[in-house]
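S.K.: This is the content of protein18.txt (compact mmCIF, C-alpha atoms and all ligand atoms):
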```txt
# COMPACT_ATOMS: atom_id res chain seq x y z
CA MET J 11 81.80 -69.16 -25.10
CA LEU J 12 78.21 -68.78 -23.92
CA ASP J 13 77.62 -68.99 -20.16
CA GLN J 14 74.11 -70.51 -20.15
CA LYS J 15 73.77 -70.32 -16.38
CA ARG J 16 74.55 -66.58 -16.39
CA LEU J 17 72.15 -65.98 -19.28
CA LYS J 18 69.34 -67.77 -17.40
CA GLU J 19 70.05 -65.62 -14.30
CA VAL J 20 70.18 -62.40 -16.31
CA MET J 21 66.82 -63.22 -17.97
CA GLY J 22 65.29 -64.24 -14.63
CA ASP J 23 66.52 -61.00 -13.04
CA LEU J 24 65.23 -58.96 -16.03
CA LYS J 25 68.63 -57.30 -16.60
CA GLU J 26 68.02 -55.79 -20.01
CA GLU J 27 71.45 -54.38 -20.85
CA GLU J 28 73.46 -57.44 -19.86
CA LEU J 29 70.92 -59.69 -21.58
CA TYR J 30 71.25 -57.99 -24.96
CA ALA J 31 75.04 -57.77 -24.60
CA ILE J 32 75.30 -61.55 -24.10
CA LEU J 33 73.01 -62.25 -27.07
CA LYS J 34 74.88 -59.87 -29.34
CA ASP J 35 78.09 -61.68 -28.41
CA VAL J 36 76.44 -64.97 -29.39
CA MET J 37 75.64 -63.49 -32.80
CA LYS J 38 79.13 -61.97 -33.20
CA ASP J 39 80.43 -65.47 -32.63
CA GLY J 40 78.51 -66.71 -35.68
CA GLY J 41 75.33 -67.65 -33.81
CA LYS J 42 76.26 -71.30 -33.31
CA ASP J 43 75.26 -71.06 -29.63
CA ALA J 44 71.85 -69.52 -30.45
CA PRO J 45 69.88 -72.74 -29.70
CA LYS J 46 71.67 -73.04 -26.34
CA ALA J 47 70.91 -69.37 -25.67
CA MET J 48 67.23 -70.05 -26.39
CA ASP J 49 67.24 -72.92 -23.89
CA ALA J 50 68.74 -70.63 -21.26
CA LEU J 51 66.21 -67.89 -22.05
CA ARG J 52 63.30 -70.32 -21.70
CA GLU J 53 64.68 -71.52 -18.37
CA GLY J 54 64.92 -67.85 -17.36
CA MET J 55 61.24 -67.45 -18.31
CA ASP J 56 60.43 -70.43 -16.07
CA VAL J 57 62.20 -68.64 -13.21
CA ILE J 58 60.10 -65.55 -13.93
CA GLY J 59 56.93 -67.66 -13.97
CA LYS J 60 57.82 -69.16 -10.58
CA LEU J 61 58.63 -65.74 -9.09
CA TYR J 62 55.24 -64.57 -10.38
CA GLU J 63 53.50 -67.56 -8.77
CA SER J 64 55.25 -66.88 -5.45
CA GLY J 65 54.14 -63.24 -5.51
CA GLU J 66 57.63 -61.79 -5.90
CA TYR J 67 56.99 -60.63 -9.47
CA PHE J 68 53.81 -58.97 -10.76
CA VAL J 69 51.98 -58.89 -14.10
CA SER J 70 54.04 -55.80 -15.02
CA ASP J 71 57.15 -58.02 -14.70
CA LEU J 72 55.56 -60.65 -16.99
CA ILE J 73 54.87 -57.89 -19.53
CA TYR J 74 58.48 -56.65 -19.30
CA ALA J 75 59.75 -60.25 -19.57
CA GLY J 76 57.62 -60.67 -22.69
CA GLU J 77 59.21 -57.58 -24.24
CA LEU J 78 62.73 -58.74 -23.38
CA MET J 79 62.04 -62.20 -24.80
CA THR J 80 60.57 -60.82 -28.02
CA GLU J 81 63.63 -58.60 -28.55
CA SER J 82 65.95 -61.51 -27.65
CA VAL J 83 64.34 -63.73 -30.28
CA GLU J 84 64.73 -60.86 -32.76
CA ILE J 85 68.48 -60.67 -32.02
CA LEU J 86 68.91 -64.45 -32.41
CA ARG J 87 66.41 -64.90 -35.24
CA ASP J 88 68.80 -65.42 -38.19
CA ALA J 89 70.79 -68.04 -36.31
CA LEU J 90 67.68 -69.80 -35.03
CA VAL J 91 65.70 -70.17 -38.21
CA GLY J 92 68.58 -70.71 -40.65
CA PRO J 93 68.40 -69.93 -44.36
CA ASN J 94 64.95 -70.04 -45.91
CA SER J 95 64.20 -73.26 -47.74
CA THR J 96 63.62 -72.72 -51.43
CA THR J 97 61.26 -75.64 -51.93
CA LYS J 98 57.74 -74.87 -50.73
CA LYS J 99 56.41 -77.55 -48.41
CA GLY J 100 52.73 -76.66 -48.14
CA LYS J 101 50.46 -74.27 -46.31
CA LEU J 102 49.54 -74.21 -42.65
CA LEU J 103 47.57 -72.07 -40.25
CA ILE J 104 49.01 -71.12 -36.86
CA CYS J 105 47.55 -69.19 -33.95
CA THR J 106 47.30 -68.90 -30.20
CA VAL J 107 43.90 -70.21 -29.18
CA GLU J 108 40.98 -68.27 -27.69
CA GLY J 109 41.55 -66.83 -24.22
CA ASP J 110 45.34 -66.95 -24.50
CA LEU J 111 47.41 -63.84 -25.28
CA HIS J 112 50.89 -65.42 -25.19
CA ASP J 113 52.53 -65.25 -28.61
CA ILE J 114 56.30 -65.39 -28.19
CA GLY J 115 56.47 -69.18 -28.56
CA LYS J 116 53.96 -69.13 -31.41
CA ASN J 117 56.03 -66.50 -33.24
CA ILE J 118 59.19 -68.60 -32.90
CA VAL J 119 57.38 -71.66 -34.28
CA LYS J 120 56.01 -69.55 -37.14
CA ALA J 121 59.46 -68.18 -38.06
CA MET J 122 60.92 -71.68 -38.06
CA MET J 123 58.03 -73.09 -40.11
CA VAL J 124 58.51 -70.32 -42.70
CA ALA J 125 62.24 -71.05 -42.84
CA ALA J 126 61.45 -74.75 -43.29
CA GLY J 127 59.47 -73.84 -46.41
CA PHE J 128 55.87 -73.69 -45.22
CA GLU J 129 53.52 -70.95 -46.29
CA VAL J 130 52.15 -69.84 -42.93
CA VAL J 131 48.86 -68.05 -42.29
CA ASP J 132 49.16 -66.51 -38.81
CA LEU J 133 45.83 -65.57 -37.21
CA GLY J 134 47.52 -64.08 -34.13
CA ILE J 135 46.36 -64.51 -30.55
CA ASP J 136 43.06 -65.18 -28.76
CA VAL J 137 41.56 -66.77 -31.87
CA LYS J 138 38.07 -68.24 -31.74
CA PRO J 139 37.46 -71.78 -33.07
CA GLU J 140 34.99 -70.47 -35.69
CA GLU J 141 37.60 -68.10 -37.13
CA ILE J 142 40.12 -70.94 -37.42
CA VAL J 143 37.59 -73.21 -39.16
CA LYS J 144 36.43 -70.40 -41.46
CA THR J 145 39.97 -69.53 -42.54
CA ALA J 146 40.91 -73.17 -43.10
CA LYS J 147 37.79 -73.63 -45.23
CA GLU J 148 38.21 -70.44 -47.27
CA GLN J 149 41.92 -70.98 -47.92
CA GLY J 150 41.87 -74.77 -48.20
CA ILE J 151 44.41 -75.17 -45.38
CA LYS J 152 45.02 -78.75 -44.30
CA ILE J 153 47.40 -78.27 -41.37
CA ILE J 154 46.35 -76.42 -38.22
CA ALA J 155 48.98 -75.60 -35.58
CA LEU J 156 47.57 -74.41 -32.25
CA SER J 157 49.63 -72.78 -29.51
CA SER J 158 48.87 -72.13 -25.84
CA CYS J 159 50.68 -71.20 -22.63
CA LEU J 160 47.69 -71.30 -20.30
CA THR J 161 46.32 -74.56 -18.93
CA LEU J 162 42.86 -73.02 -19.30
CA ALA J 163 43.40 -72.59 -23.03
CA VAL J 164 43.49 -76.36 -23.51
CA GLU J 165 39.71 -76.15 -23.44
CA SER J 166 39.84 -73.76 -26.41
CA MET J 167 41.97 -76.30 -28.26
CA GLU J 168 39.34 -78.94 -27.54
CA LYS J 169 36.61 -76.58 -28.80
CA THR J 170 38.63 -75.95 -31.95
CA VAL J 171 38.89 -79.67 -32.68
CA ALA J 172 35.13 -79.97 -31.99
CA ALA J 173 34.40 -77.05 -34.35
CA PHE J 174 36.14 -78.88 -37.21
CA LYS J 175 34.00 -81.95 -36.45
CA GLU J 176 30.78 -79.89 -36.34
CA ASN J 177 31.63 -78.40 -39.73
CA GLY J 178 32.24 -81.85 -41.24
CA MET J 179 35.91 -81.00 -41.83
CA ARG J 180 37.70 -83.06 -39.21
CA ASP J 181 38.99 -85.66 -41.66
CA GLN J 182 40.22 -82.95 -44.03
CA VAL J 183 42.70 -81.37 -41.61
CA LYS J 184 45.58 -82.44 -39.39
CA ILE J 185 45.74 -80.67 -36.04
CA LEU J 186 49.04 -80.13 -34.19
CA ILE J 187 48.99 -78.70 -30.68
CA GLY J 188 51.96 -77.11 -28.90
CA GLY J 189 53.00 -75.08 -25.89
CA ASN J 190 53.82 -75.92 -22.28
CA PRO J 191 50.44 -77.28 -21.12
CA VAL J 192 50.10 -79.91 -23.85
CA ASN J 193 51.17 -83.54 -23.64
CA GLU J 194 50.28 -86.96 -25.04
CA ALA J 195 47.29 -87.42 -22.71
CA ILE J 196 45.82 -84.02 -23.62
CA CYS J 197 46.42 -84.64 -27.30
CA SER J 198 44.46 -87.89 -27.26
CA TYR J 199 41.80 -86.52 -24.87
CA ILE J 200 40.94 -83.54 -27.10
CA GLY J 201 41.32 -85.58 -30.30
CA ALA J 202 44.20 -83.66 -31.91
CA ASP J 203 46.47 -85.50 -34.35
CA ALA J 204 49.83 -84.68 -32.77
CA TRP J 205 51.51 -82.59 -30.11
CA ALA J 206 54.98 -81.13 -29.66
CA HIS J 207 56.90 -78.93 -27.30
CA SER J 208 59.82 -78.24 -29.58
CA PRO J 209 59.27 -76.29 -32.80
CA GLN J 210 61.57 -78.67 -34.68
CA GLN J 211 59.52 -81.66 -33.60
CA GLY J 212 56.40 -79.79 -34.78
CA ILE J 213 58.04 -79.09 -38.14
CA ASN J 214 59.00 -82.76 -38.54
CA THR J 215 55.39 -83.77 -37.89
CA CYS J 216 54.03 -81.23 -40.39
CA GLN J 217 56.56 -82.37 -42.99
CA SER J 218 55.36 -85.95 -42.52
CA TRP J 219 51.83 -84.75 -43.30
CA VAL J 220 52.49 -83.05 -46.65
C1 LIG W 1 55.82 -63.55 -20.85
C2 LIG W 1 54.61 -64.12 -20.15
C3 LIG W 1 53.42 -63.40 -20.24
C4 LIG W 1 53.24 -62.18 -21.14
C5 LIG W 1 53.12 -62.71 -22.61
C6 LIG W 1 53.64 -61.72 -23.64
C7 LIG W 1 53.57 -62.30 -25.01
N1 LIG W 1 53.63 -61.42 -25.98
O1 LIG W 1 53.47 -63.49 -25.24
C8 LIG W 1 51.90 -61.55 -20.61
C9 LIG W 1 52.23 -60.39 -19.69
C10 LIG W 1 50.91 -61.08 -21.68
C11 LIG W 1 51.33 -62.70 -19.78
C12 LIG W 1 50.03 -62.69 -19.31
C13 LIG W 1 49.51 -63.66 -18.46
N2 LIG W 1 50.15 -64.74 -17.98
CO1 LIG W 1 51.90 -65.28 -18.59
N3 LIG W 1 53.66 -65.80 -18.75
C14 LIG W 1 54.69 -65.34 -19.42
C15 LIG W 1 55.96 -66.23 -19.19
C16 LIG W 1 56.84 -65.56 -18.14
C17 LIG W 1 56.77 -66.53 -20.42
C18 LIG W 1 56.00 -67.13 -21.63
C19 LIG W 1 56.95 -67.22 -22.80
O2 LIG W 1 56.97 -66.38 -23.67
N4 LIG W 1 57.85 -68.23 -22.77
C20 LIG W 1 58.92 -68.36 -23.78
C21 LIG W 1 58.42 -69.10 -25.04
C22 LIG W 1 59.53 -69.15 -26.07
O3 LIG W 1 58.10 -70.42 -24.63
P1 LIG W 1 56.72 -71.12 -24.99
O4 LIG W 1 55.62 -70.15 -25.06
O5 LIG W 1 56.58 -72.27 -24.08
O6 LIG W 1 56.93 -71.65 -26.47
C23 LIG W 1 57.88 -72.66 -26.81
C24 LIG W 1 57.28 -74.07 -26.75
O7 LIG W 1 56.25 -74.23 -25.80
C25 LIG W 1 56.85 -74.35 -28.15
N5 LIG W 1 55.52 -73.98 -28.63
C26 LIG W 1 54.70 -72.97 -28.25
N6 LIG W 1 53.59 -72.96 -29.01
C27 LIG W 1 53.69 -73.97 -29.90
C28 LIG W 1 52.85 -74.40 -30.92
C29 LIG W 1 53.24 -75.49 -31.70
C30 LIG W 1 52.33 -75.95 -32.79
C31 LIG W 1 54.47 -76.18 -31.44
C32 LIG W 1 54.87 -77.32 -32.26
C33 LIG W 1 55.31 -75.73 -30.42
C34 LIG W 1 54.93 -74.64 -29.66
O8 LIG W 1 57.80 -73.66 -28.93
C35 LIG W 1 58.20 -72.46 -28.28
C36 LIG W 1 59.66 -72.21 -28.58
O9 LIG W 1 60.47 -73.20 -28.01
C37 LIG W 1 55.28 -67.55 -18.68
C38 LIG W 1 56.17 -68.45 -17.80
C39 LIG W 1 56.76 -69.59 -18.63
N7 LIG W 1 57.57 -70.34 -18.00
O10 LIG W 1 56.46 -69.82 -19.76
C40 LIG W 1 54.04 -67.02 -17.96
C41 LIG W 1 52.76 -67.90 -17.81
C42 LIG W 1 52.52 -68.68 -19.08
N8 LIG W 1 51.70 -66.91 -17.63
C43 LIG W 1 50.87 -67.28 -16.73
C44 LIG W 1 49.76 -66.51 -16.31
C45 LIG W 1 48.98 -67.03 -15.11
C46 LIG W 1 49.42 -65.31 -16.97
C47 LIG W 1 48.20 -64.40 -16.67
C48 LIG W 1 46.91 -65.12 -16.32
C49 LIG W 1 48.62 -63.41 -15.56
C50 LIG W 1 47.51 -62.46 -15.10
N9 LIG W 1 47.08 -62.65 -13.87
O11 LIG W 1 47.08 -61.62 -15.84
C51 LIG W 1 48.09 -63.60 -17.98
C52 LIG W 1 47.17 -64.31 -18.98
C53 LIG W 1 46.81 -63.47 -20.16
C54 LIG W 1 46.12 -64.32 -21.20
N10 LIG W 1 44.80 -64.31 -21.20
O12 LIG W 1 46.79 -65.00 -21.95
C55 LIG W 1 51.18 -68.67 -16.18
C56 LIG W 1 50.26 -69.75 -16.79
C57 LIG W 1 49.85 -70.77 -15.76
C58 LIG W 1 49.06 -71.87 -16.41
N11 LIG W 1 49.63 -73.04 -16.40
O13 LIG W 1 48.00 -71.65 -16.93
C59 LIG W 1 52.71 -68.81 -16.52
C60 LIG W 1 53.18 -70.26 -16.74
C61 LIG W 1 53.48 -68.16 -15.34
C62 LIG W 1 53.31 -68.92 -14.05
N12 LIG W 1 54.19 -69.85 -13.74
O14 LIG W 1 52.37 -68.67 -13.32
N13 LIG W 1 52.24 -63.66 -19.56
```
As structure tokens - that is how I would like this structure written.
M.R.:
Amino acid sequence: MLDQKRLKEVMGDLKEEELYAILKDVMKDGGKDAPKAMDALREGMDVIGKLYESGEYFVSDLIYAGELMTESVEILRDALVGPNSTTKKGKLLICTVEGDLHDIGKNIVKAMMVAAGFEVVDLGIDVKPEEIVKTAKEQGIKIIALSSCLTLAVESMEKTVAAFKENGMRDQVKILIGGNPVNEAICSYIGADAWAHSPQQGINTCQSWV
């Protein structure tokens, strides 16, 4: 039985060995607790973020936390994304917007979108609006999923929406924004079509668009 509180503490304290041991136990147990483990890991990341803000942790700790989280997602991956859907649902582009280097959340969303049957073009991190527009145009992609962790990167999302307008393509694409800083107000302010915090909610929205 997964102890979520302990897992959150272990992540927050950056205890690598115990962390992986707990996650491997989750998988040995059939992986049914993987979503709960993810919740605990994200709460642990929040603890790390707060310790960074208060000056107790440094950027090196954020980097280490990023590595631990990436490996954790790898361990839980099969249980998180489920079996790949055989029916193809459509094509979408995903990336972390310009100025933002965080990609763990984006990679989780991508893995879940692929499992849900989408063909996903991943442009990576720190992606300029022009590159997003160019790729969408060249590959005829109609769904754009933008990720960010930094409040500052919301401006890049706004610029990306504007770039589609400037290129006369705004009515040809649907734009979904995700990541901690986004909400309903930001979505309507920057003129995106939808927003989501949870990958599953994002998938549901994309499925409603195809
Ligand atoms: C790990 C980490 C890093 C690592 C990232 C490694 C990597 N490969 O991604 C590194 C070391 C690079 C880093 C750097 C920095 N970081 Co940092 N980082 C974090 C930390 C601790 C965890 C982020 C994370 O991976 N969370 C776990 C994932 C799974 O969650 P997630 O990203 O939210 O994604 C989920 C959802 O949001 C959603 N989602 C995400 N994207 C999308 C997209 C769509 C379409 C949908 C539907 C859903 C969706 O689904 C995901 C799965 O559930 C956070 C603290 C936190 N609480 O998040 C700080 C944090 C994000 N970082 C912060 C800061 C300040 C920085 C730096 C500026 C530090 C510095 N002085 O250099 C730099 C910025 C570099 C840059 N230009 O981007 C701040 C941001 C503050 C703000 N509001 O702007 C935070 C909040 C820490 C804090 N409290 O101060 N960081």
S.K.: Can you work out which one of J:Leu162, J:Ala50, J:Cys105, J:Ala121 has the shortest atom-to-atom distance to Ile187 (chain J), counting all atoms listed in the file?
M.R.: J:Cys105
S.K.: Calculate, to one decimal in Å, the centre and edge lengths of the box along x, y and z of the file that holds all listed atoms of ligand LIG 1 (chain W) with 4 Å of margin on each side, and present them as AutoDock Vina command-line options.
M.R.:
```
--center_x 52.6 --center_y -68.9 --center_z -23.1 --size_x 23.7 --size_y 24.9 --size_z 27.5
```
S.K.: So that I can see what lies close to Glu194 (chain J), please list as a list in words the residues with an atom at most 10 Å from it, counting all atoms listed in the file and leaving out residues fewer than 3 positions away in the same chain.
M.R.: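 Those residues are Cys197, Ser198, Tyr199, Ala202, Ala204, Trp205 and Ala206 of chain J.
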S.K.: Ligand LIG 1 (chain W): which residues are within 7 Å, counting all atoms listed in the file, as a ChimeraX atom specification?
M.R.: /J:52,55-60,62-63,69-70,72-73,75-77,79,109-116,118-119,155-162,186-191,205-209,211-213
S.K.: Could the residues in this selection be saved with C-alpha atoms as a PDB file, in the coordinates of the input?
M.R.:
```
ATOM      1  CA  ARG J  52      63.300 -70.320 -21.700  1.00  0.00           C
ATOM      2  CA  MET J  55      61.240 -67.450 -18.310  1.00  0.00           C
ATOM      3  CA  ASP J  56      60.430 -70.430 -16.070  1.00  0.00           C
ATOM      4  CA  VAL J  57      62.200 -68.640 -13.210  1.00  0.00           C
ATOM      5  CA  ILE J  58      60.100 -65.550 -13.930  1.00  0.00           C
ATOM      6  CA  GLY J  59      56.930 -67.660 -13.970  1.00  0.00           C
ATOM      7  CA  LYS J  60      57.820 -69.160 -10.580  1.00  0.00           C
ATOM      8  CA  TYR J  62      55.240 -64.570 -10.380  1.00  0.00           C
ATOM      9  CA  GLU J  63      53.500 -67.560  -8.770  1.00  0.00           C
ATOM     10  CA  VAL J  69      51.980 -58.890 -14.100  1.00  0.00           C
ATOM     11  CA  SER J  70      54.040 -55.800 -15.020  1.00  0.00           C
ATOM     12  CA  LEU J  72      55.560 -60.650 -16.990  1.00  0.00           C
ATOM     13  CA  ILE J  73      54.870 -57.890 -19.530  1.00  0.00           C
ATOM     14  CA  ALA J  75      59.750 -60.250 -19.570  1.00  0.00           C
ATOM     15  CA  GLY J  76      57.620 -60.670 -22.690  1.00  0.00           C
ATOM     16  CA  GLU J  77      59.210 -57.580 -24.240  1.00  0.00           C
ATOM     17  CA  MET J  79      62.040 -62.200 -24.800  1.00  0.00           C
ATOM     18  CA  GLY J 109      41.550 -66.830 -24.220  1.00  0.00           C
ATOM     19  CA  ASP J 110      45.340 -66.950 -24.500  1.00  0.00           C
ATOM     20  CA  LEU J 111      47.410 -63.840 -25.280  1.00  0.00           C
ATOM     21  CA  HIS J 112      50.890 -65.420 -25.190  1.00  0.00           C
ATOM     22  CA  ASP J 113      52.530 -65.250 -28.610  1.00  0.00           C
ATOM     23  CA  ILE J 114      56.300 -65.390 -28.190  1.00  0.00           C
ATOM     24  CA  GLY J 115      56.470 -69.180 -28.560  1.00  0.00           C
ATOM     25  CA  LYS J 116      53.960 -69.130 -31.410  1.00  0.00           C
ATOM     26  CA  ILE J 118      59.190 -68.600 -32.900  1.00  0.00           C
ATOM     27  CA  VAL J 119      57.380 -71.660 -34.280  1.00  0.00           C
ATOM     28  CA  ALA J 155      48.980 -75.600 -35.580  1.00  0.00           C
ATOM     29  CA  LEU J 156      47.570 -74.410 -32.250  1.00  0.00           C
ATOM     30  CA  SER J 157      49.630 -72.780 -29.510  1.00  0.00           C
ATOM     31  CA  SER J 158      48.870 -72.130 -25.840  1.00  0.00           C
ATOM     32  CA  CYS J 159      50.680 -71.200 -22.630  1.00  0.00           C
ATOM     33  CA  LEU J 160      47.690 -71.300 -20.300  1.00  0.00           C
ATOM     34  CA  THR J 161      46.320 -74.560 -18.930  1.00  0.00           C
ATOM     35  CA  LEU J 162      42.860 -73.020 -19.300  1.00  0.00           C
ATOM     36  CA  LEU J 186      49.040 -80.130 -34.190  1.00  0.00           C
ATOM     37  CA  ILE J 187      48.990 -78.700 -30.680  1.00  0.00           C
ATOM     38  CA  GLY J 188      51.960 -77.110 -28.900  1.00  0.00           C
ATOM     39  CA  GLY J 189      53.000 -75.080 -25.890  1.00  0.00           C
ATOM     40  CA  ASN J 190      53.820 -75.920 -22.280  1.00  0.00           C
ATOM     41  CA  PRO J 191      50.440 -77.280 -21.120  1.00  0.00           C
ATOM     42  CA  TRP J 205      51.510 -82.590 -30.110  1.00  0.00           C
ATOM     43  CA  ALA J 206      54.980 -81.130 -29.660  1.00  0.00           C
ATOM     44  CA  HIS J 207      56.900 -78.930 -27.300  1.00  0.00           C
ATOM     45  CA  SER J 208      59.820 -78.240 -29.580  1.00  0.00           C
ATOM     46  CA  PRO J 209      59.270 -76.290 -32.800  1.00  0.00           C
ATOM     47  CA  GLN J 211      59.520 -81.660 -33.600  1.00  0.00           C
ATOM     48  CA  GLY J 212      56.400 -79.790 -34.780  1.00  0.00           C
ATOM     49  CA  ILE J 213      58.040 -79.090 -38.140  1.00  0.00           C
TER      50      ILE J 213
END
```
S.K.: Which residue is closest to Met37 (chain J)? Choose from J:Leu61, J:Ala89, J:Leu102, J:Val83 and count only C-alpha atoms.
M.R.: J:Ala89
S.K.: Using all atoms listed in the file for the distances, tell me which of J:Val143, J:Ala195, J:Gly150, J:Asp71 is nearest to Arg180 (chain J).
M.R.: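 Counting all atoms listed in the file, the residue closest to Arg180 (chain J) is J:Val143.
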S.K.: What is the distance, in Å and to one decimal place, between CA of Lys34 (chain J) and CA of Ala125 (chain J)?
M.R.: 21.6 Å
S.K.: Smallest atom-to-atom distance to Tyr74 (chain J): which of J:Val192, J:Met21, J:Val137, J:Ile142, using all atoms listed in the file?
M.R.: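 Distance minimum relative to Tyr74 (chain J) lands on J:Met21.
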S.K.: Which neighbours of region 170-175 of chain J fall inside 9 Å, counting all atoms listed in the file, when residues of the same chain fewer than 5 positions from it are skipped, and could you give them as number ranges by chain?
M.R.: J: 107, 138-140, 142-143, 165, 180-183, 185, 200-202
S.K.: With all atoms listed in the file as the counted atoms, please give the residues lying no more than 10 Å from Met11 (chain J), apart from itself and same-chain residues fewer than 6 positions off, as a PyMOL selection string.
M.R.: chain J and resi 35-36+39+43
S.K.: If I put a ball of radius 10 Å at (63.7, -67.9, -37.3) in the file's coordinates, which residues poke into it when counting only C-alpha atoms, written as an MDAnalysis selection string?
M.R.: chainID J and resid 83:84 86:94 117:126
S.K.: Record the distance separating CA of Tyr67 (chain J) and CA of Leu24 (chain J), expressed in Å with one decimal.
M.R.: 10.7 Å
S.K.: Quick check, in Å to one decimal: how far apart do CA of Ser82 (chain J) and CA of Glu28 (chain J) lie?
M.R.: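 Interatomic distance, CA of Ser82 (chain J) to CA of Glu28 (chain J): 11.6 Å.
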S.K.: Please write as a ChimeraX atom specification the list of polymer residues whose atoms come within 9 Å of (53.2, -68.8, -45.7), counting only C-alpha atoms and keeping to the coordinates of the file.
M.R.: /J:100-103,123-124,127-132
S.K.: Would you save the residues from that selection as a JSON list (two decimals), in the coordinates of the input, using C-alpha atoms?
M.R.:
```json
[["chain", "number", "residue", "atom", "x", "y", "z"],
["J", 100, "GLY", "CA", 52.73, -76.66, -48.14],
["J", 101, "LYS", "CA", 50.46, -74.27, -46.31],
["J", 102, "LEU", "CA", 49.54, -74.21, -42.65],
["J", 103, "LEU", "CA", 47.57, -72.07, -40.25],
["J", 123, "MET", "CA", 58.03, -73.09, -40.11],
["J", 124, "VAL", "CA", 58.51, -70.32, -42.70],
["J", 127, "GLY", "CA", 59.47, -73.84, -46.41],
["J", 128, "PHE", "CA", 55.87, -73.69, -45.22],
["J", 129, "GLU", "CA", 53.52, -70.95, -46.29],
["J", 130, "VAL", "CA", 52.15, -69.84, -42.93],
["J", 131, "VAL", "CA", 48.86, -68.05, -42.29],
["J", 132, "ASP", "CA", 49.16, -66.51, -38.81]]
```
S.K.: Have a look at J:Leu29, J:Thr80, J:Glu108, J:Asp23 and name the one nearest to Ser166 (chain J); count all atoms listed in the file.
M.R.: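 The closest residue to Ser166 (chain J) is J:Glu108.
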S.K.: Of the residues J:Leu51, J:Ile104, J:Ala146, J:Ile85, which is the one nearest to Leu33 (chain J), using only C-alpha atoms?
M.R.: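 Using only C-alpha atoms, Leu33 (chain J) sits closest to J:Ile85.
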